[in-house]
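Take a look at the structure below.
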Amino acid sequence: MCVYKTSNYEFVNREMPDQQAPGTSSNGLVKVQDFHFNIRVNELKELIQLKSSEATERIRLKYGQTDALANLLQSDIVNGISDSEDQFKRRTSFYGKNEIPPKPPKSIFQLAFEALQDTTLVMLMICAVISISLSFYHPVGEIADEEFRNREKKEMGNLEWVEGAAIMIAVVVVVFVTAFNDWRKEKQFRGLQDRIESENLASVIRNGRMMQINVKDIVVGDICCVKYGDLIPADGIVTNSSDLKLDESSLTGETDLIKKNCSDNAVLLSGTHVMEGSGQFLVLAVGLNSQTGIIMTLLGATGEETESEKKKKHQNKKYENLNTQPIEEANGQPSGLEEEKKKPKKKHRSVLQIKLGKLALQIGYIGMLSAFFTFLILVIRMSIEEFLIKGRQWSNLYIKYIISYLIQGITVIVVAVPEGLPLAVTLALAFAVRRMTKDNNLVRHLDACETMGNATTICSDKTGTLTTNRMTVVQCWLADKLHLKIPAEINSNLKNLIAQSASINSNYTSRLEISSVEYELPKQIGNKTECALLGFVHQLGANYEAIRAENPSEQFVKVFTFNSARKMMSTVVKNNQRAGAFRLYSKGASEMVLSKCSWYMNSEGQVVRLDEGKINSITHRVIEPMAMDGLRTICIAYKDFVSLEQDEHDPSCSRFDQEPDWQSENNVVNDLVCLCIVGIEDPVRPEVPDAIHKCQTSGVVVRMITGDNINTATSIAMKCGIIKPSDDFLILESKDFNKRIRDETGQIRQHLLDKVWPRLRVLARSSPSDKFILVNGIVESKLSTNREVVAVTGDGTNDGPALKRADVGFAMGIQGTDVAKEASDIILTDDNFSSIVKAMMWGRNVYDAIAKFLQFQLTANFSAGIFSVVCAATIQAVPLKAVQMLWVNLVMDTLASLALATEPPTEDLLKRKPYGRNKSIISHTMMKNILGHAVYQLIVLFALVYKIEDWMLVDSVIKYHDISKLRDPSVHFTIIFNAFVLMTLFNEINARKIHNERNVFSGIQNNMIFLLIWLFCFIGQILIVNFGGIIFAVEKLEMDQWMWCLALGFGSLLWGQVISCIPNSLVKKVASLLKKKKAEPEPVVDLEHEIDEDQDAIERSKHLWMRGAHRLSNQIKVVEVFQTKLNEVIDASEMGSVLSLKEKAIELSQSNVNLDS
């Protein structure tokens, strides 16, 4: 035999004794001493990259059998590896960890650079640089310039540069505040992602014991156990399987399920899903060495790839087929991944994001028009005043004025364009997501958070969501007698068969953990229905662990796993009591199993014929009464298979001359012997009825979709409050539901579905396809004016389509499969319906937070825009200077978004109806508040501009008609600036309420962030006015002037009370009159596509300019390197060596990287 040196690259041969496999003891467990690995990482990667049949053949030729391959990895296919810390460290250092390192987070300086890409900020900085440059330029001999110099000599030197510098500083502050918020957001979401990953567990066998570990802790050599619904955590080879079928579409694009076994199709790839059956596999590749890791590296989605590598990949498009070799399908066709890469990716936007996108574009257009007219009017007015009226000649000094006007116009854009809107959305979502995690809602997709606030329908599962998922057998029918309590004494033969069937015909990961605390119930681990049956076995006085020890899962002949179509599970084992005999155990929904039974066992332990009449009698006398009590009914049965050579007097036995074809389920699972029917109680969660009542009062309809029979479902729905005797509701089983929604040809019709779903409250005996049809039908329906927004819960693998189709998909964190979690938007970590209500409350809070911010910002935008344009036209200047406008912008955008986005939710949010899809985010009440407060602010501002001398006895600068005086700091314009900021600040308190509430201070004490930011802005304004001086173009105000400004600011609160007296009905009438005046209906446009086009065009232009110079400078060098290396690659391909071809391609890529560096 040969042993290999423990190096990644070298092999040496030497003799070794044949007595024992390397690294294993005589009992099969791995020894830690003299620990060496005898197979390379690259060899394992090559093995996994082969087609399944080729991989199996390679193992057979090179290693012998799978157990020999396991020995080379110092593992054992039965007992696994040792769980010692030392062995774990050695394996991870040699073969790598089972994690794909994420891209390194962007630094705050990178984020600041990205924030600086904003066009308006770049224009402001350019203008600021020009302004600073011109401040030191003084042409000689010009009259205007002499006047300017004489006036400046009275001051402390030349301070014209201060305004440009102040603008630069203000832009830097805005950029770094935005960058800090982005950095904080990314940090929070990385933490959230880490938490999601930390909850991903996998079952492995170590030291002969099955245990659950974090997916990241899986190492090469582990024996990993998978079952229906699991995500394959690493690459490996099947060692044991039972009807194992996988969905590999995520890697290959092939939608058909692929059957896996030990003989001809044994390779399992990470990232694929188990759709049927169960099995065990030997882990061969983890992390970056697995197929998922290789693909992620090729796509540049890991932290292992540098920027230069990604650039060269774009230049290397000819050779992409070399790099994608590992993920080709078995038939040689390229994988589905390449097809996906070619498709243009359309950004998914939620209902709120589409509404906000439209609003932002409209505001942006209005802001640009305001800025253009402001600049144009200022230039025209200056030209008329200086050249026509005063008759002055052109001087280069006027360039300064034009630049200042340009800065003023750009600043209007900065104030008008709601760049704080995305920030407000991000902050509101981040705040909500962090708090929702504490409420047992793990948010995977951010947009689901606010979408849930608009939900109008919740389609919920029953088990574990509405009920406690603490299953207990409370009634049973056995020996032809119904027992309302578990009997203490039954026939020993019957008891043994029930105990064996419940213990063996179940997933061995389901078990009971006895508590050390006295009188505390055992902890149920795994499938709760199976745990209830194990508890039933315990109550009968049997030991399920001893039964399982005598019948290890590796010895099972065939397992028909539970799925939504079967609604039952069956396991075939060898009969230990008879040589050459087999026994089938079955359990499942009582109607399904009972229909396959031809016998039942009486009190003497003898089988009795079960005819149609007896089945009907059991159904009416046993199953229906149990279901009416809200119990889930499960039937347990068995069947013996014996050869014709054996003497057997049991008429229920199936005789065979050759071993049956176990793949033929219909021939195997029939003529069963019914052992018992149990009624399993799953009590309604005590908090669920109140939670459902809250949903109903908030305008949300709750529908229950369950696989239980109609009587059980109806009973639970009554207890939960989903249906009430006085309601007009519909309860259907799957068969009736499909009859009503399909036409004569069997096709589903929306108009037929629209007749069913509005009254439907309970759908019993439903399949995943029924759930998908119902969800899709409600989403597509146009019966409702504002369209329905649907939330769905699911836990099974086949619930994936419904979870994806719903607007918000909730997966069960405890009972849910990996597939369901992957398809969901939010994971319920406690599987509790009340957590859905909390998610709805948080979603509505996010929606309202955005609406509050819009109400606040649009008021200030409207006032500032109109004020700037009118003042430019009438007084040849804008009283609010550029640096002042940037401070206002900071107050309105960044700080206001933080203050209003962190409002905590209240129960009052559940007292209003959902908005729906089509309703505008700007409600009639908000429109009333926006226009009302804008009118107040404009009246005050214009009064201060034109009538300040009559009002406050302050010298008005507009009466001099002097450009220089209008540009200089003055008490007049300082009062206007101060009053505007204080009115804006006090209006921020008004903006906290958007539903016509009078008490705007209600709950303000619960939002300390709002109070601190408001005080910060107020104190900042005091400091700016008193100490800002030339930098902020302000003069220090007297106390009486401050009192006037405070009074005008406080007047916003009083004016808000006046506005709330205006009835909304009046606003609705005005709005309806304006709509009627439209001559033609607006054309229907794809708004989401329109927004994408605008944003994508901007992004493309930015990136093209940034990359162009760098690419052009390196292009000639790159071509030269490719020419020198290309011949080597072609020579390798002609030799027919795929591996050498790949190595040359990698060498070529690395040389390009070196060139870049």
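Each chain of the structure tokens is named A, B, ... in the order shown, its residues numbered from 1; ligands are numbered from 1 in display order.
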Shell of 8 Å around Arg444 of chain A, only C-alpha atoms, local chain residues under 2 positions omitted, as an mmCIF file with N, CA, C and O atoms, in the first residue's frame:
```
data_model
loop_
_atom_site.group_PDB
_atom_site.id
_atom_site.type_symbol
_atom_site.label_atom_id
_atom_site.label_comp_id
_atom_site.auth_asym_id
_atom_site.auth_seq_id
_atom_site.Cartn_x
_atom_site.Cartn_y
_atom_site.Cartn_z
ATOM 1 N N LEU A 442 -36.333 38.366 11.884
ATOM 2 C CA LEU A 442 -35.011 38.493 11.278
ATOM 3 C C LEU A 442 -35.211 38.878 9.812
ATOM 4 O O LEU A 442 -35.605 38.053 8.987
ATOM 5 N N LEU A 446 -34.552 44.147 2.963
ATOM 6 C CA LEU A 446 -34.964 45.379 3.628
ATOM 7 C C LEU A 446 -36.330 45.885 3.166
ATOM 8 O O LEU A 446 -37.127 46.354 3.975
ATOM 9 N N SER A 824 -37.619 33.267 1.659
ATOM 10 C CA SER A 824 -38.397 34.217 2.454
ATOM 11 C C SER A 824 -37.758 35.599 2.480
ATOM 12 O O SER A 824 -36.608 35.788 2.083
ATOM 13 N N ASP A 825 -38.536 36.561 2.962
ATOM 14 C CA ASP A 825 -38.042 37.921 3.179
ATOM 15 C C ASP A 825 -37.740 38.175 4.656
ATOM 16 O O ASP A 825 -36.841 38.948 4.980
ATOM 17 N N ILE A 826 -38.537 37.555 5.520
ATOM 18 C CA ILE A 826 -38.365 37.711 6.964
ATOM 19 C C ILE A 826 -38.449 36.325 7.603
ATOM 20 O O ILE A 826 -39.281 35.512 7.206
ATOM 21 N N ILE A 827 -37.579 36.065 8.574
ATOM 22 C CA ILE A 827 -37.595 34.792 9.295
ATOM 23 C C ILE A 827 -38.142 35.031 10.697
ATOM 24 O O ILE A 827 -37.646 35.903 11.420
#
```
- [ ] Enumerate as a PyMOL selection string all residues of segment 652-730 of chain A assigned to alpha helix (DSSP H) by DSSP on the backbone, naming them with the chain letters and numbers the document uses.
- [x] chain A and resi 665-668+688-697+710-720
Save the residues we just selected, N, CA and C atoms, as an mmCIF file, in the first residue's frame?
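The resulting out.cif:
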```cif
data_model
loop_
_atom_site.group_PDB
_atom_site.id
_atom_site.type_symbol
_atom_site.label_atom_id
_atom_site.label_comp_id
_atom_site.auth_asym_id
_atom_site.auth_seq_id
_atom_site.Cartn_x
_atom_site.Cartn_y
_atom_site.Cartn_z
ATOM 1 N N GLU A 665 -43.636 2.138 -5.253
ATOM 2 C CA GLU A 665 -44.332 2.531 -4.025
ATOM 3 C C GLU A 665 -45.764 2.002 -3.980
ATOM 4 N N ASN A 666 -46.469 2.050 -5.105
ATOM 5 C CA ASN A 666 -47.875 1.613 -5.113
ATOM 6 C C ASN A 666 -48.025 0.133 -4.775
ATOM 7 N N ASN A 667 -47.056 -0.685 -5.191
ATOM 8 C CA ASN A 667 -47.128 -2.116 -4.900
ATOM 9 C C ASN A 667 -46.654 -2.444 -3.485
ATOM 10 N N VAL A 668 -45.783 -1.593 -2.943
ATOM 11 C CA VAL A 668 -45.236 -1.860 -1.616
ATOM 12 C C VAL A 668 -46.156 -1.326 -0.524
ATOM 13 N N VAL A 688 -52.290 34.570 20.321
ATOM 14 C CA VAL A 688 -52.730 34.628 18.928
ATOM 15 C C VAL A 688 -54.108 35.273 18.744
ATOM 16 N N PRO A 689 -55.153 34.905 19.526
ATOM 17 C CA PRO A 689 -56.461 35.543 19.314
ATOM 18 C C PRO A 689 -56.406 37.071 19.389
ATOM 19 N N ASP A 690 -55.641 37.608 20.342
ATOM 20 C CA ASP A 690 -55.530 39.062 20.455
ATOM 21 C C ASP A 690 -54.789 39.638 19.258
ATOM 22 N N ALA A 691 -53.742 38.946 18.787
ATOM 23 C CA ALA A 691 -52.984 39.420 17.632
ATOM 24 C C ALA A 691 -53.859 39.437 16.377
ATOM 25 N N ILE A 692 -54.675 38.404 16.183
ATOM 26 C CA ILE A 692 -55.563 38.356 15.017
ATOM 27 C C ILE A 692 -56.631 39.442 15.117
ATOM 28 N N HIS A 693 -57.104 39.702 16.326
ATOM 29 C CA HIS A 693 -58.086 40.784 16.507
ATOM 30 C C HIS A 693 -57.468 42.127 16.118
ATOM 31 N N LYS A 694 -56.197 42.344 16.455
ATOM 32 C CA LYS A 694 -55.511 43.576 16.069
ATOM 33 C C LYS A 694 -55.408 43.681 14.553
ATOM 34 N N CYS A 695 -55.118 42.561 13.911
ATOM 35 C CA CYS A 695 -55.047 42.554 12.441
ATOM 36 C C CYS A 695 -56.385 42.949 11.838
ATOM 37 N N GLN A 696 -57.447 42.376 12.353
ATOM 38 C CA GLN A 696 -58.769 42.633 11.799
ATOM 39 C C GLN A 696 -59.203 44.082 12.014
ATOM 40 N N THR A 697 -58.884 44.637 13.175
ATOM 41 C CA THR A 697 -59.246 46.040 13.420
ATOM 42 C C THR A 697 -58.393 46.992 12.586
ATOM 43 N N ILE A 710 -60.560 19.358 7.380
ATOM 44 C CA ILE A 710 -61.385 20.559 7.461
ATOM 45 C C ILE A 710 -61.976 20.768 8.859
ATOM 46 N N ASN A 711 -62.228 19.679 9.576
ATOM 47 C CA ASN A 711 -62.806 19.822 10.916
ATOM 48 C C ASN A 711 -61.793 20.394 11.905
ATOM 49 N N THR A 712 -60.562 19.875 11.864
ATOM 50 C CA THR A 712 -59.504 20.399 12.728
ATOM 51 C C THR A 712 -59.234 21.862 12.402
ATOM 52 N N ALA A 713 -59.153 22.162 11.117
ATOM 53 C CA ALA A 713 -58.868 23.530 10.690
ATOM 54 C C ALA A 713 -59.959 24.493 11.147
ATOM 55 N N THR A 714 -61.223 24.073 11.004
ATOM 56 C CA THR A 714 -62.346 24.925 11.417
ATOM 57 C C THR A 714 -62.309 25.185 12.919
ATOM 58 N N SER A 715 -62.031 24.136 13.691
ATOM 59 C CA SER A 715 -61.974 24.277 15.144
ATOM 60 C C SER A 715 -60.890 25.260 15.568
ATOM 61 N N ILE A 716 -59.700 25.126 14.987
ATOM 62 C CA ILE A 716 -58.599 26.030 15.327
ATOM 63 C C ILE A 716 -58.916 27.459 14.873
ATOM 64 N N ALA A 717 -59.520 27.602 13.690
ATOM 65 C CA ALA A 717 -59.868 28.938 13.188
ATOM 66 C C ALA A 717 -60.876 29.631 14.099
ATOM 67 N N MET A 718 -61.833 28.862 14.651
ATOM 68 C CA MET A 718 -62.804 29.434 15.598
ATOM 69 C C MET A 718 -62.093 29.883 16.877
ATOM 70 N N LYS A 719 -61.170 29.061 17.377
ATOM 71 C CA LYS A 719 -60.456 29.404 18.616
ATOM 72 C C LYS A 719 -59.565 30.630 18.424
ATOM 73 N N CYS A 720 -58.994 30.767 17.242
ATOM 74 C CA CYS A 720 -58.108 31.903 16.974
ATOM 75 C C CYS A 720 -58.871 33.194 16.706
#
```
TODO: Using only C-alpha atoms, pick whichever of A:Phe375, A:Trp887, A:Phe281, A:Tyr228 has the shortest atom-to-atom distance to Ile77 of chain A.
DONE: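 Of all the options, A:Phe281 lies closest to Ile77 of chain A.
Distances to Ile778 of chain A were evaluated for A:Tyr915, A:Thr457, A:Val1067, A:Met1043 using only C-alpha atoms, and the minimum falls at A:Thr457.
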Open item on the list: Between A:Ile814, A:Ala202, A:Ile295, A:Met840, which residue has the minimum interatomic distance to Thr456 of chain A, considering only C-alpha atoms?
Closed with: A:Met840
- [ ] Might you pull out every residue within 12 Å of Pro801 of chain A, with only C-alpha atoms counted and same-chain residues fewer than 2 positions away left off, and present them as a PyMOL selection string?
- [x] chain A and resi 767-776+792-799+803-807+809+819-824
Segment 872-991 of chain A residues near segment 1031-1036 of chain A within 12 Å, closest pair each, using only C-alpha atoms, as a Markdown table:
```
| residue | atom | partner | partner_atom | distance |
| --- | --- | --- | --- | --- |
| A:Pro879 | CA | A:Ala1033 | CA | 10.1 |
| A:Leu880 | CA | A:Ala1033 | CA | 9.3 |
| A:Lys881 | CA | A:Ala1033 | CA | 7.2 |
| A:Ala882 | CA | A:Phe1032 | CA | 8.7 |
| A:Val883 | CA | A:Phe1032 | CA | 6.0 |
| A:Gln884 | CA | A:Phe1032 | CA | 6.2 |
| A:Met885 | CA | A:Phe1032 | CA | 9.8 |
| A:Leu886 | CA | A:Phe1032 | CA | 10.1 |
| A:Trp887 | CA | A:Phe1032 | CA | 9.2 |
| A:Val888 | CA | A:Phe1032 | CA | 11.7 |
| A:Lys965 | CA | A:Ala1033 | CA | 11.8 |
| A:Leu966 | CA | A:Ala1033 | CA | 10.8 |
| A:Arg967 | CA | A:Ala1033 | CA | 8.5 |
| A:Asp968 | CA | A:Ala1033 | CA | 6.9 |
| A:Pro969 | CA | A:Ala1033 | CA | 4.6 |
| A:Ser970 | CA | A:Glu1035 | CA | 5.6 |
| A:Val971 | CA | A:Glu1035 | CA | 5.3 |
| A:His972 | CA | A:Glu1035 | CA | 8.7 |
| A:Phe973 | CA | A:Val1034 | CA | 7.6 |
| A:Thr974 | CA | A:Val1034 | CA | 5.2 |
| A:Ile975 | CA | A:Val1034 | CA | 8.8 |
| A:Ile976 | CA | A:Val1034 | CA | 10.3 |
| A:Phe977 | CA | A:Val1034 | CA | 8.6 |
| A:Asn978 | CA | A:Val1034 | CA | 9.4 |
```
Task: Those of segment 202-289 of chain A in DSSP strand (DSSP E), formatted as a ChimeraX atom specification - done: /A:202-206,209-214,223-227,235-247,258-260,267-268,273-285
Open item on the list: For a quick check of understanding, using only C-alpha atoms, which of A:Asn38, A:Asn527, A:Thr92, A:Asn493 has the smallest distance to Leu69 of chain A?
Closed with: A:Asn38
Open item on the list: Counting only C-alpha atoms, which residue out of A:Met296, A:Val869, A:Ala860, A:Cys262 sits closest to Glu988 of chain A?
Closed with: A:Ala860
TODO: Just give me the gap between atom CA of Glu733 of chain A and atom CA of Leu760 of chain A in Å, one decimal is fine.
DONE: 10.8 Å
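Take atom CA of Met471 of chain A and atom CA of Glu530 of chain A: the distance between them is 8.7 Å.
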Open item on the list: If we count only C-alpha atoms and set the cut-off at 8 Å, which residues sit around segment 844-857 of chain A, ignoring sequence neighbours fewer than 3 positions away in its own chain? Please answer as a ChimeraX atom specification.
Closed with: /A:352,418,421,424-425,428-429,432,449-450,452-454,840-841,860-861,892-893,896-897,900-905,909,921-922,926-927,929-930,987-988,991-994
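The residue that comes closest to Gly535 of chain A, out of A:Asn441, A:Arg761, A:Phe560, A:Ala499 and on the basis of only C-alpha atoms, is A:Ala499.
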Open item on the list: To one decimal place in Å, what is the distance between atom CA of Leu828 of chain A and atom CA of Lys528 of chain A?
Closed with: 17.1 Å
Dump as a Markdown table the rows for residues of segment 582-638 of chain A within 9 Å of segment 642-659 of chain A: closest atom pair and distance in Å with one decimal, only C-alpha atoms counted, ordered by chain and rising residue number.
```
| residue | atom | partner | partner_atom | distance |
| --- | --- | --- | --- | --- |
| A:Phe582 | CA | A:Val642 | CA | 6.6 |
| A:Arg583 | CA | A:Val642 | CA | 8.7 |
| A:Ser598 | CA | A:Ser652 | CA | 8.1 |
| A:Trp599 | CA | A:Ser652 | CA | 7.0 |
| A:Gln606 | CA | A:Asp650 | CA | 8.8 |
| A:Val607 | CA | A:Ser652 | CA | 7.2 |
| A:Val608 | CA | A:Ser652 | CA | 8.8 |
| A:Arg609 | CA | A:Ser652 | CA | 8.6 |
```
Suppose we keep N, CA, C and O atoms; can you now write the selection as a CSV table (one decimal), in the first residue's frame?
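Saved the output as again-v5.csv:
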```
chain,number,residue,atom,x,y,z
A,582,PHE,N,-39.0,-9.0,5.6
A,582,PHE,CA,-39.0,-7.5,5.7
A,582,PHE,C,-40.2,-7.0,6.4
A,582,PHE,O,-41.3,-7.7,6.4
A,583,ARG,N,-40.1,-5.8,6.9
A,583,ARG,CA,-41.3,-5.2,7.5
A,583,ARG,C,-41.4,-3.7,7.1
A,583,ARG,O,-40.4,-3.0,7.1
A,598,SER,N,-56.0,-2.6,4.8
A,598,SER,CA,-57.0,-3.7,4.6
A,598,SER,C,-57.2,-4.5,5.8
A,598,SER,O,-58.1,-5.4,5.8
A,599,TRP,N,-56.4,-4.2,6.9
A,599,TRP,CA,-56.5,-5.0,8.2
A,599,TRP,C,-56.4,-4.0,9.3
A,599,TRP,O,-55.9,-2.9,9.2
A,606,GLN,N,-54.5,-9.8,17.2
A,606,GLN,CA,-54.7,-10.5,16.0
A,606,GLN,C,-55.2,-9.6,14.9
A,606,GLN,O,-55.9,-8.6,15.2
A,607,VAL,N,-54.9,-9.9,13.7
A,607,VAL,CA,-55.3,-9.0,12.6
A,607,VAL,C,-56.7,-9.4,12.1
A,607,VAL,O,-57.1,-10.6,12.1
A,608,VAL,N,-57.5,-8.3,11.8
A,608,VAL,CA,-58.9,-8.5,11.4
A,608,VAL,C,-59.1,-7.7,10.1
A,608,VAL,O,-58.6,-6.6,10.0
A,609,ARG,N,-59.9,-8.3,9.2
A,609,ARG,CA,-60.2,-7.7,7.9
A,609,ARG,C,-60.9,-6.3,8.1
A,609,ARG,O,-61.8,-6.1,9.0
```
